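*Asks:* Sending over structure-v3.txt (compact mmCIF, C-alpha atoms and all ligand atoms).
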# COMPACT_ATOMS: atom_id res chain seq x y z
CA MET I 1 2.33 4.97 15.89
CA ILE I 2 5.53 6.22 14.25
CA GLU I 3 6.78 9.76 14.88
CA LEU I 4 9.66 11.51 13.16
CA LYS I 5 10.59 14.76 14.83
CA ASN I 6 12.92 17.17 13.07
CA VAL I 7 14.79 14.23 11.51
CA THR I 8 17.83 14.81 9.31
CA ARG I 9 20.12 12.41 7.48
CA ARG I 10 23.34 13.54 5.85
CA PHE I 11 25.71 11.61 3.62
CA GLY I 12 28.87 13.71 3.76
CA ASP I 13 27.82 17.06 2.33
CA ILE I 14 24.53 15.75 0.94
CA VAL I 15 21.47 16.40 3.06
CA ALA I 16 19.30 13.45 1.98
CA VAL I 17 16.55 14.12 4.53
CA ASP I 18 16.21 17.61 5.89
CA ARG I 19 14.50 18.26 9.24
CA ILE I 20 11.30 16.35 8.57
CA ASP I 21 8.35 15.98 10.93
CA LEU I 22 5.99 13.11 10.20
CA THR I 23 3.45 11.27 12.34
CA ILE I 24 1.98 7.99 11.12
CA GLU I 25 -0.97 6.89 13.23
CA THR I 26 -1.56 3.24 14.09
CA GLY I 27 -3.27 1.40 11.23
CA GLU I 28 -2.56 4.14 8.68
CA VAL I 29 -0.99 3.64 5.26
CA CYS I 30 1.38 6.55 4.76
CA VAL I 31 2.77 6.73 1.22
CA LEU I 32 5.98 8.68 0.65
CA VAL I 33 5.98 10.00 -2.88
CA GLY I 34 8.31 12.28 -4.82
CA SER I 35 10.90 12.32 -7.56
CA SER I 36 14.04 10.22 -7.62
CA GLY I 37 16.60 11.17 -4.97
CA CYS I 38 14.19 13.21 -2.82
CA GLY I 39 14.90 11.11 0.30
CA LYS I 40 12.04 8.57 0.40
CA SER I 41 14.08 5.39 0.85
CA THR I 42 16.42 7.08 3.31
CA THR I 43 13.41 8.08 5.42
CA LEU I 44 12.06 4.53 5.37
CA ARG I 45 15.40 2.97 6.21
CA MET I 46 15.88 5.24 9.19
CA ILE I 47 12.64 3.91 10.71
CA ASN I 48 14.00 0.34 10.99
CA ARG I 49 17.52 1.62 11.69
CA LEU I 50 19.07 0.21 8.55
CA LEU I 51 20.41 3.77 8.46
CA PRO I 52 21.05 5.82 11.57
CA HIS I 53 19.61 9.35 11.54
CA SER I 54 22.04 12.25 11.85
CA ALA I 55 19.74 14.44 13.97
CA GLY I 56 16.22 14.53 15.40
CA GLU I 57 14.12 11.82 17.03
CA ILE I 58 12.27 8.77 15.77
CA LEU I 59 9.70 7.25 18.12
CA VAL I 60 7.74 4.01 17.73
CA ASP I 61 4.72 3.83 20.03
CA GLY I 62 6.27 6.64 22.03
CA GLU I 63 9.67 4.98 22.47
CA ASP I 64 12.84 6.48 20.97
CA ILE I 65 14.28 3.86 18.59
CA THR I 66 17.86 4.92 19.32
CA GLY I 67 17.67 3.18 22.66
CA MET I 68 16.16 -0.04 21.25
CA ASP I 69 17.95 -3.19 20.18
CA PRO I 70 17.93 -2.95 16.33
CA GLN I 71 17.24 -6.67 15.86
CA LYS I 72 14.27 -6.54 18.18
CA LEU I 73 13.01 -3.38 16.49
CA ARG I 74 13.19 -5.03 13.05
CA LEU I 75 11.39 -8.17 14.19
CA ASN I 76 8.37 -5.95 14.78
CA MET I 77 8.68 -4.33 11.33
CA GLY I 78 8.03 -6.29 8.15
CA TYR I 79 10.21 -4.95 5.32
CA VAL I 80 9.41 -5.43 1.63
CA ILE I 81 11.75 -4.21 -1.10
CA GLN I 82 11.72 -4.14 -4.88
CA GLY I 83 13.08 -7.42 -6.24
CA THR I 84 11.93 -9.16 -3.03
CA GLY I 85 15.34 -10.04 -1.47
CA LEU I 86 14.24 -13.69 -1.18
CA PHE I 87 16.99 -16.24 -0.57
CA PRO I 88 17.36 -18.07 -3.92
CA HIS I 89 18.42 -21.42 -2.45
CA TRP I 90 15.56 -21.56 0.04
CA THR I 91 12.07 -22.76 -0.80
CA VAL I 92 9.18 -20.31 -0.68
CA ALA I 93 8.02 -21.87 2.62
CA ARG I 94 11.45 -21.51 4.21
CA ASN I 95 11.76 -17.91 3.04
CA ILE I 96 8.41 -17.05 4.62
CA ALA I 97 9.38 -18.89 7.81
CA LEU I 98 12.53 -16.81 8.29
CA VAL I 99 11.37 -14.49 11.09
CA PRO I 100 9.18 -17.04 12.96
CA GLN I 101 12.23 -19.32 12.94
CA LEU I 102 14.41 -16.56 14.37
CA LEU I 103 11.75 -16.12 17.02
CA LYS I 104 11.96 -19.88 17.71
CA TRP I 105 8.31 -20.64 17.09
CA PRO I 106 7.46 -24.39 17.26
CA LYS I 107 7.56 -26.14 13.87
CA GLU I 108 3.81 -26.83 13.69
CA ARG I 109 2.99 -23.20 14.36
CA ILE I 110 5.42 -22.09 11.63
CA ASP I 111 3.98 -24.55 9.08
CA GLU I 112 0.48 -23.41 9.90
CA ARG I 113 1.46 -19.74 9.57
CA VAL I 114 3.25 -20.29 6.22
CA ASN I 115 0.15 -22.00 4.80
CA GLU I 116 -2.12 -19.30 6.17
CA LEU I 117 0.00 -16.55 4.56
CA LEU I 118 0.29 -18.30 1.20
CA ALA I 119 -3.49 -18.61 1.19
CA LEU I 120 -3.88 -14.94 2.19
CA LEU I 121 -1.69 -13.96 -0.77
CA GLU I 122 -3.71 -16.31 -3.02
CA LEU I 123 -0.86 -18.74 -3.67
CA ASP I 124 -1.88 -22.39 -3.24
CA PRO I 125 0.33 -23.74 -0.40
CA ALA I 126 0.61 -27.22 -1.95
CA THR I 127 1.75 -25.79 -5.30
CA TYR I 128 4.03 -22.97 -4.17
CA GLY I 129 5.42 -23.89 -0.73
CA ASN I 130 8.19 -26.10 -2.13
CA LYS I 131 9.11 -24.00 -5.16
CA TYR I 132 12.27 -21.90 -5.31
CA PRO I 133 12.14 -18.14 -5.97
CA GLN I 134 13.48 -18.48 -9.54
CA GLN I 135 10.53 -20.75 -10.37
CA LEU I 136 8.10 -17.90 -9.65
CA SER I 137 6.88 -15.02 -11.81
CA GLY I 138 7.79 -11.50 -10.68
CA GLY I 139 4.32 -10.96 -9.24
CA GLN I 140 4.32 -14.29 -7.38
CA ALA I 141 7.78 -13.57 -5.92
CA GLN I 142 6.60 -10.18 -4.76
CA ARG I 143 3.60 -11.83 -3.06
CA VAL I 144 6.00 -14.16 -1.26
CA GLY I 145 8.01 -11.08 -0.20
CA VAL I 146 4.85 -9.59 1.33
CA ALA I 147 3.99 -12.92 3.00
CA ARG I 148 7.47 -13.07 4.51
CA ALA I 149 7.15 -9.53 5.85
CA LEU I 150 3.82 -10.40 7.50
CA ALA I 151 5.02 -13.76 8.87
CA ALA I 152 5.50 -12.93 12.54
CA ASP I 153 2.54 -10.56 12.55
CA PRO I 154 4.58 -7.34 13.01
CA ASN I 155 2.77 -4.13 13.95
CA ILE I 156 4.53 -2.17 11.24
CA LEU I 157 5.08 -2.79 7.55
CA LEU I 158 7.75 -0.88 5.60
CA MET I 159 7.51 -1.20 1.81
CA ASP I 160 10.11 0.31 -0.52
CA GLU I 161 8.81 0.46 -4.11
CA PRO I 162 7.61 -3.14 -3.70
CA PHE I 163 5.75 -3.24 -7.02
CA GLY I 164 8.12 -0.97 -8.98
CA ALA I 165 9.60 -3.66 -11.21
CA LEU I 166 6.31 -5.30 -12.22
CA ASP I 167 4.32 -4.90 -15.41
CA ALA I 168 1.25 -2.67 -15.21
CA ILE I 169 -1.33 -5.45 -14.90
CA THR I 170 0.53 -7.42 -12.22
CA ARG I 171 1.18 -4.18 -10.40
CA GLU I 172 -2.48 -3.25 -10.40
CA ASN I 173 -3.43 -6.74 -9.15
CA LEU I 174 -0.97 -6.50 -6.29
CA GLN I 175 -2.23 -3.05 -5.36
CA LEU I 176 -5.75 -4.47 -5.12
CA GLU I 177 -4.40 -7.40 -3.07
CA MET I 178 -2.70 -5.00 -0.77
CA LEU I 179 -5.93 -3.04 -0.20
CA ARG I 180 -7.76 -6.29 0.53
CA ILE I 181 -5.06 -7.55 2.91
CA GLN I 182 -4.80 -4.19 4.66
CA LYS I 183 -8.55 -4.34 5.38
CA GLN I 184 -7.96 -7.67 7.13
CA VAL I 185 -4.69 -7.07 8.97
CA ARG I 186 -4.57 -3.25 9.44
CA LYS I 187 -0.81 -2.76 9.73
CA THR I 188 0.73 0.64 10.29
CA THR I 189 2.37 0.93 6.88
CA VAL I 190 4.96 3.22 5.32
CA PHE I 191 5.08 2.72 1.56
CA VAL I 192 7.55 4.35 -0.82
CA THR I 193 6.74 4.97 -4.47
CA HIS I 194 7.42 7.53 -7.17
CA ASP I 195 4.07 6.74 -8.78
CA ILE I 196 1.39 9.23 -7.71
CA ASP I 197 -1.44 6.98 -8.93
CA GLU I 198 -0.18 4.16 -6.73
CA ALA I 199 0.02 6.63 -3.84
CA LEU I 200 -3.54 7.88 -4.40
CA LYS I 201 -4.85 4.34 -4.57
CA LEU I 202 -3.16 2.92 -1.46
CA ALA I 203 -2.68 5.77 0.97
CA THR I 204 -4.74 6.94 3.88
CA ARG I 205 -2.26 9.83 3.88
CA ILE I 206 0.38 10.89 1.38
CA ALA I 207 3.64 12.64 2.29
CA VAL I 208 4.98 14.46 -0.77
CA MET I 209 8.76 14.89 -0.60
CA ASP I 210 11.08 17.17 -2.54
CA GLN I 211 14.80 17.63 -1.92
CA GLY I 212 14.74 16.01 1.49
CA ARG I 213 11.73 17.96 2.77
CA ILE I 214 8.09 17.01 3.24
CA ILE I 215 6.12 19.62 1.39
CA GLN I 216 2.62 18.27 1.99
CA HIS I 217 1.25 15.55 4.26
CA ASP I 218 -2.44 15.02 3.71
CA THR I 219 -5.23 12.70 2.59
CA PRO I 220 -5.30 11.74 -1.10
CA GLU I 221 -8.44 13.84 -1.54
CA ASN I 222 -6.86 16.97 -0.06
CA ILE I 223 -3.65 16.46 -2.04
CA LEU I 224 -5.79 16.48 -5.19
CA ARG I 225 -8.17 19.26 -4.18
CA ARG I 226 -5.77 21.54 -2.34
CA PRO I 227 -2.18 20.95 -3.50
CA ALA I 228 0.15 23.00 -1.26
CA SER I 229 2.41 24.20 -4.09
CA ASP I 230 2.97 24.16 -7.85
CA PHE I 231 5.26 21.18 -7.31
CA VAL I 232 2.45 19.11 -5.77
CA GLU I 233 -0.04 20.35 -8.38
CA ASN I 234 2.25 19.20 -11.18
CA LEU I 235 2.92 15.89 -9.44
CA VAL I 236 -0.79 15.04 -9.24
CA GLY I 237 -1.44 16.33 -12.77
CA LYS I 238 -3.48 19.49 -13.19
CA GLN I 239 -5.64 18.30 -16.05
CA ASP I 240 -6.90 14.90 -14.98
CA ARG I 241 -7.51 15.72 -11.33
CA GLY I 242 -11.26 15.34 -11.83
CA LEU I 243 -10.83 11.75 -13.00
CA LYS I 244 -8.39 11.00 -10.20
CA LEU I 245 -10.91 12.28 -7.64
CA MET I 246 -13.53 9.99 -9.21
CA GLY I 247 -11.03 7.18 -8.70
CA LEU I 248 -11.07 7.80 -4.93
CA ARG I 249 -14.85 7.69 -4.47
CA PRO I 250 -16.88 4.49 -4.32
CA VAL I 251 -19.97 3.95 -6.44
CA ARG I 252 -21.93 3.65 -3.17
CA GLU I 253 -21.71 7.44 -2.75
CA LEU I 254 -23.53 8.32 -5.97
CA MET I 255 -25.78 5.31 -6.58
CA THR I 256 -29.56 5.47 -6.42
CA PRO I 257 -30.50 2.66 -4.04
CA HIS I 258 -33.49 0.36 -4.57
CA ALA I 259 -36.06 0.32 -1.75
CA ARG I 260 -34.78 -3.16 -0.91
CA PRO I 261 -32.06 -5.42 -2.38
CA ARG I 262 -33.15 -7.53 -5.34
CA LEU I 263 -32.05 -11.05 -6.07
CA SER I 264 -30.04 -11.10 -9.26
CA GLU I 265 -29.44 -13.67 -11.98
CA PRO I 266 -26.19 -15.57 -11.43
CA GLY I 267 -23.41 -13.79 -13.39
CA ALA I 268 -25.50 -10.63 -13.91
CA ASP I 269 -23.47 -7.71 -15.23
CA GLY I 270 -22.77 -4.69 -13.07
CA LEU I 271 -20.56 -2.95 -10.57
CA LYS I 272 -19.83 -3.49 -6.91
CA GLU I 273 -20.65 -0.82 -4.33
CA ASP I 274 -16.91 -0.51 -3.58
CA ASP I 275 -15.90 0.01 -7.22
CA SER I 276 -14.80 3.54 -8.05
CA ILE I 277 -16.97 6.11 -9.76
CA ARG I 278 -14.21 6.39 -12.34
CA LEU I 279 -14.64 2.70 -13.17
CA ALA I 280 -18.41 3.17 -13.39
CA LEU I 281 -17.99 5.99 -15.91
CA SER I 282 -15.48 3.99 -17.91
CA VAL I 283 -17.86 1.01 -18.11
CA MET I 284 -20.75 3.23 -19.23
CA LEU I 285 -18.69 5.00 -21.88
CA TRP I 286 -17.23 1.75 -23.22
CA GLN I 287 -20.56 -0.08 -23.34
CA ASP I 288 -22.52 3.05 -24.26
CA LEU I 289 -24.93 2.63 -21.33
CA PRO I 290 -26.84 5.40 -19.53
CA GLN I 291 -26.80 3.45 -16.26
CA VAL I 292 -25.39 0.31 -14.65
CA SER I 293 -26.67 -1.96 -11.86
CA VAL I 294 -24.83 -2.04 -8.55
CA PHE I 295 -24.43 -5.16 -6.40
CA ASN I 296 -23.49 -5.70 -2.77
CA SER I 297 -20.95 -8.28 -1.60
CA ASP I 298 -23.72 -10.90 -1.32
CA GLY I 299 -24.43 -10.50 -5.03
CA GLU I 300 -27.79 -8.76 -4.51
CA GLU I 301 -28.66 -5.81 -6.73
CA THR I 302 -28.84 -2.82 -4.38
CA GLY I 303 -29.30 0.04 -6.82
CA ILE I 304 -28.19 1.73 -10.03
CA ILE I 305 -25.69 4.39 -10.93
CA THR I 306 -26.39 6.73 -13.83
CA ARG I 307 -24.11 8.65 -16.17
CA GLU I 308 -26.10 11.80 -15.43
CA ARG I 309 -25.54 11.53 -11.68
CA ILE I 310 -21.79 11.02 -12.19
CA ILE I 311 -21.48 14.10 -14.37
CA GLU I 312 -23.46 16.14 -11.79
CA GLY I 313 -21.55 15.01 -8.74
CA GLY I 314 -18.57 12.92 -9.82
CA ALA I 315 -15.62 15.01 -8.64
N1 LIG X 401 24.59 5.49 0.93
C1 LIG X 401 24.56 6.71 0.39
N2 LIG X 401 25.70 7.44 0.23
C2 LIG X 401 25.67 8.69 -0.28
N3 LIG X 401 24.54 9.31 -0.70
C3 LIG X 401 23.39 8.63 -0.59
C4 LIG X 401 23.33 7.31 -0.05
N4 LIG X 401 22.04 6.88 -0.05
C5 LIG X 401 21.32 7.91 -0.59
N5 LIG X 401 22.12 8.94 -0.91
C6 LIG X 401 21.70 10.23 -1.49
O1 LIG X 401 20.66 10.75 -0.69
C7 LIG X 401 19.64 11.32 -1.50
C8 LIG X 401 18.30 10.64 -1.21
O2 LIG X 401 18.34 9.28 -1.64
P1 LIG X 401 17.12 8.27 -1.48
O3 LIG X 401 17.58 6.95 -1.98
O4 LIG X 401 16.58 8.37 -0.13
O5 LIG X 401 16.08 8.91 -2.50
P2 LIG X 401 14.74 8.28 -3.06
O6 LIG X 401 13.73 9.38 -3.00
O7 LIG X 401 14.41 7.03 -2.36
O8 LIG X 401 15.13 8.02 -4.57
P3 LIG X 401 14.69 6.81 -5.57
O9 LIG X 401 13.23 6.98 -5.85
O10 LIG X 401 15.55 7.08 -6.78
O11 LIG X 401 15.04 5.53 -4.87
C9 LIG X 401 20.11 11.18 -2.93
O12 LIG X 401 20.75 12.38 -3.31
C10 LIG X 401 21.09 10.04 -2.88
O13 LIG X 401 22.07 10.18 -3.87
Rewrite the structure from the file as structure tokens, please.
Ligand SMILES: Nc1ncnc2c1ncn2[C@@H]1O[C@H](COP(=O)(O)OP(=O)(O)OP(=O)(O)O)[C@@H](O)[C@H]1O

*Replies:*
Amino acid sequence: MIELKNVTRRFGDIVAVDRIDLTIETGEVCVLVGSSGCGKSTTLRMINRLLPHSAGEILVDGEDITGMDPQKLRLNMGYVIQGTGLFPHWTVARNIALVPQLLKWPKERIDERVNELLALLELDPATYGNKYPQQLSGGQAQRVGVARALAADPNILLMDEPFGALDAITRENLQLEMLRIQKQVRKTTVFVTHDIDEALKLATRIAVMDQGRIIQHDTPENILRRPASDFVENLVGKQDRGLKLMGLRPVRELMTPHARPRLSEPGADGLKEDDSIRLALSVMLWQDLPQVSVFNSDGEETGIITRERIIEGGA
């Protein structure tokens, strides 16, 4: 758990972060969102003590970080930044091995861990382990950055606009990867972005910041349904809130289940129970279908979702 209590950071006369209180529970993904210069990165960098705070208290699992050895603190916090920060003259494998090496893990354990992480990030270890960062695409390099942050299995993951420089498709893929990985590894994560759609997709809770203050800290659903101010309402977009809410809900919630799962033809068309209702609607509109089949993770058809049901209960 991470707790910020009445935390302030000044740069000369500028108050970059202004008396914020924020609690991030273990296993949560807290996304800090807000316009440029509102204090997101400063907040993140105070948590791993890259920046000291000017006032207030920051606690990690109940312990005040001011009294901790900064190196030790950072070894327990993976840090991912935009543009990756990979060492250009080191291979991918050596970059990922950085923290385990600092921790003096035995070589075999490091090799095993590097391969395990490359596989987790869907990069073939034999193909990518010996490449250099400049031989990778932006998306691949960013995956390596995430692998490096996870290398020594830290409890906490700090991510500062990690996908900000990527094209829309790569970005979306990495967001999906991150959701998948988070299901497996459940790290307490603080993620900075200025993209509200990214925040809605990834967060268990969103902290909206403006001018150094946190103006709302809530679940994505509540941020959409009950924005605390005009600022938050404008940030989430007044008009397409209904669609954004549909994006948060899985098909499972509105499907009509079959009495028992049915075996399906290999490659049969349809949606997965975890797909969003927004995706279901999009598929139906695009293919002009009144309903679509829904499949479970074993590939069995478990029900259908209809256009009518979505319109009745979608948002
Ligand atoms: N090292 C520094 N020296 C002086 N002022 C700084 C420094 N770092 C940040 N600031 C100021 O503090 C404020 C908050 O900056 P911060 O980088 O935390 O914002 P941000 O929300 O992360 O913005 P962005 O999305 O543009 O990265 C800004 O006014 C910025 O100019």

*Asks:* How far is it from CA of Arg45 in chain I to CA of Gly145 in chain I, in Å with one decimal?

*Replies:*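 If I compute the distance from CA of Arg45 in chain I to CA of Gly145 in chain I, I get 17.1 Å.
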
*Asks:* For ligand LIG 401 (chain X), collect every residue having any atom at a distance of at most 8 Å from a ligand atom (counting all atoms listed in the file); output as a list in words.

*Replies:*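 Using all atoms listed in the file, everything at most 8 Å from ligand LIG 401 (chain X) comes to Arg10, Phe11, Gly12, Ile14, Val15, Ala16, Val17, Val33, Gly34, Ser35, Ser36, Gly37, Cys38, Gly39, Lys40, Ser41, Thr42, Thr43, Val192, Thr193, His194, Met209, Gln211 and Gly212 of chain I.
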
*Asks:* Neighbourhood query: residues within 10 Å of (9.7, 7.9, 16.9), file coordinates, counting all atoms listed in the file; return as a ChimeraX atom specification.

*Replies:* /I:1-5,7,22-24,47,56-66

*Asks:* Mind checking which residues fall within 12 Å of Glu233 in chain I, counting all atoms listed in the file, ignoring those fewer than 6 positions away in the same chain, and posting them as a PyMOL selection string?

*Replies:* chain I and resi 196+208+215-216+222-227+239-241

*Asks:* Can I get the selected residues back with C-alpha atoms, as a compact mmCIF listing (two decimals), keeping the file's coordinate frame?

*Replies:*
# COMPACT_ATOMS: atom_id res chain seq x y z
CA ILE I 196 1.39 9.23 -7.71
CA VAL I 208 4.98 14.46 -0.77
CA ILE I 215 6.12 19.62 1.39
CA GLN I 216 2.62 18.27 1.99
CA ASN I 222 -6.86 16.97 -0.06
CA ILE I 223 -3.65 16.46 -2.04
CA LEU I 224 -5.79 16.48 -5.19
CA ARG I 225 -8.17 19.26 -4.18
CA ARG I 226 -5.77 21.54 -2.34
CA PRO I 227 -2.18 20.95 -3.50
CA GLN I 239 -5.64 18.30 -16.05
CA ASP I 240 -6.90 14.90 -14.98
CA ARG I 241 -7.51 15.72 -11.33

*Asks:* Point out the residue among I:Val146, I:Leu235, I:Val190, I:Val99 with the least atom-to-atom distance to Leu174 in chain I, counting only C-alpha atoms.

*Replies:* I:Val146

*Asks:* Given the point (4.8, -11.5, 1.6) in the file's coordinates, find the residues that have an atom at most 9 Å from it, counting all atoms listed in the file, and give them as a list in words.

*Replies:*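 Every polymer residue passing the test: Gly78, Val80, Thr84, Ile96, Leu117, Leu118, Leu121, Ala141, Gln142, Arg143, Val144, Gly145, Val146, Ala147, Arg148, Ala149, Leu150 and Ala151 of chain I.
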
*Asks:* What does the distance from CA of Ile169 in chain I to CA of Lys187 in chain I come to in Å, to one decimal?

*Replies:* 24.8 Å

*Asks:* Give me, please, the distance in Å between CA of Asn173 in chain I and CA of Lys201 in chain I, quoted to one decimal.

*Replies:*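 Distance reported for this atom pair: 12.1 Å.
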
*Asks:* Smallest atom-to-atom distance to Asn6 in chain I: which of I:Asn115, I:Ser282, I:Ser54, I:Gln184, using only C-alpha atoms?

*Replies:*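 Result for the nearest residue to Asn6 in chain I: I:Ser54.
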
*Asks:* Measuring between all atoms listed in the file, which one of I:Arg278, I:Arg205, I:Arg249, I:Lys272 shows the shortest distance to Asp298 in chain I?

*Replies:*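 Smallest separation from Asp298 in chain I among the options: I:Lys272.
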
*Asks:* Give the centre and edge lengths of an axis-aligned box, in Å to one decimal, that holds all listed atoms of range 175-185 of chain I with 3 Å on each side, as AutoDock Vina command-line options.

*Replies:*
--center_x -5.4 --center_y -5.4 --center_z 1.8 --size_x 12.3 --size_y 10.6 --size_z 20.3

*Asks:* Which residue, I:Lys131, I:Met77, I:Gly270, I:Glu116, has the smallest gap to Val92 in chain I when you use all atoms listed in the file?

*Replies:*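 Checking each candidate against Val92 in chain I, we get I:Lys131 as the closest.
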
*Asks:* Which residue out of I:Gln82, I:Gln134, I:Asn48, I:Gln287 has the minimum interatomic distance to Gly164 in chain I when all atoms listed in the file are used?

*Replies:*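 Smallest distance to Gly164 in chain I is found for I:Gln82.
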
*Asks:* Rank I:Ser264, I:Ser293, I:Thr306, I:Asn76 by their smallest atom-to-atom distance to Ile156 in chain I, using only C-alpha atoms, and report the top residue only.

*Replies:*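 With only C-alpha atoms as the atom set, the closest residue is I:Asn76.
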
*Asks:* I want to know what sits within 12 Å of Phe295 in chain I, based on all atoms listed in the file, with residues of the same chain fewer than 2 positions away left out; could you give that as an MDAnalysis selection string?

*Replies:* chainID I and resid 251:252 255:258 260:275 292:293 297:305
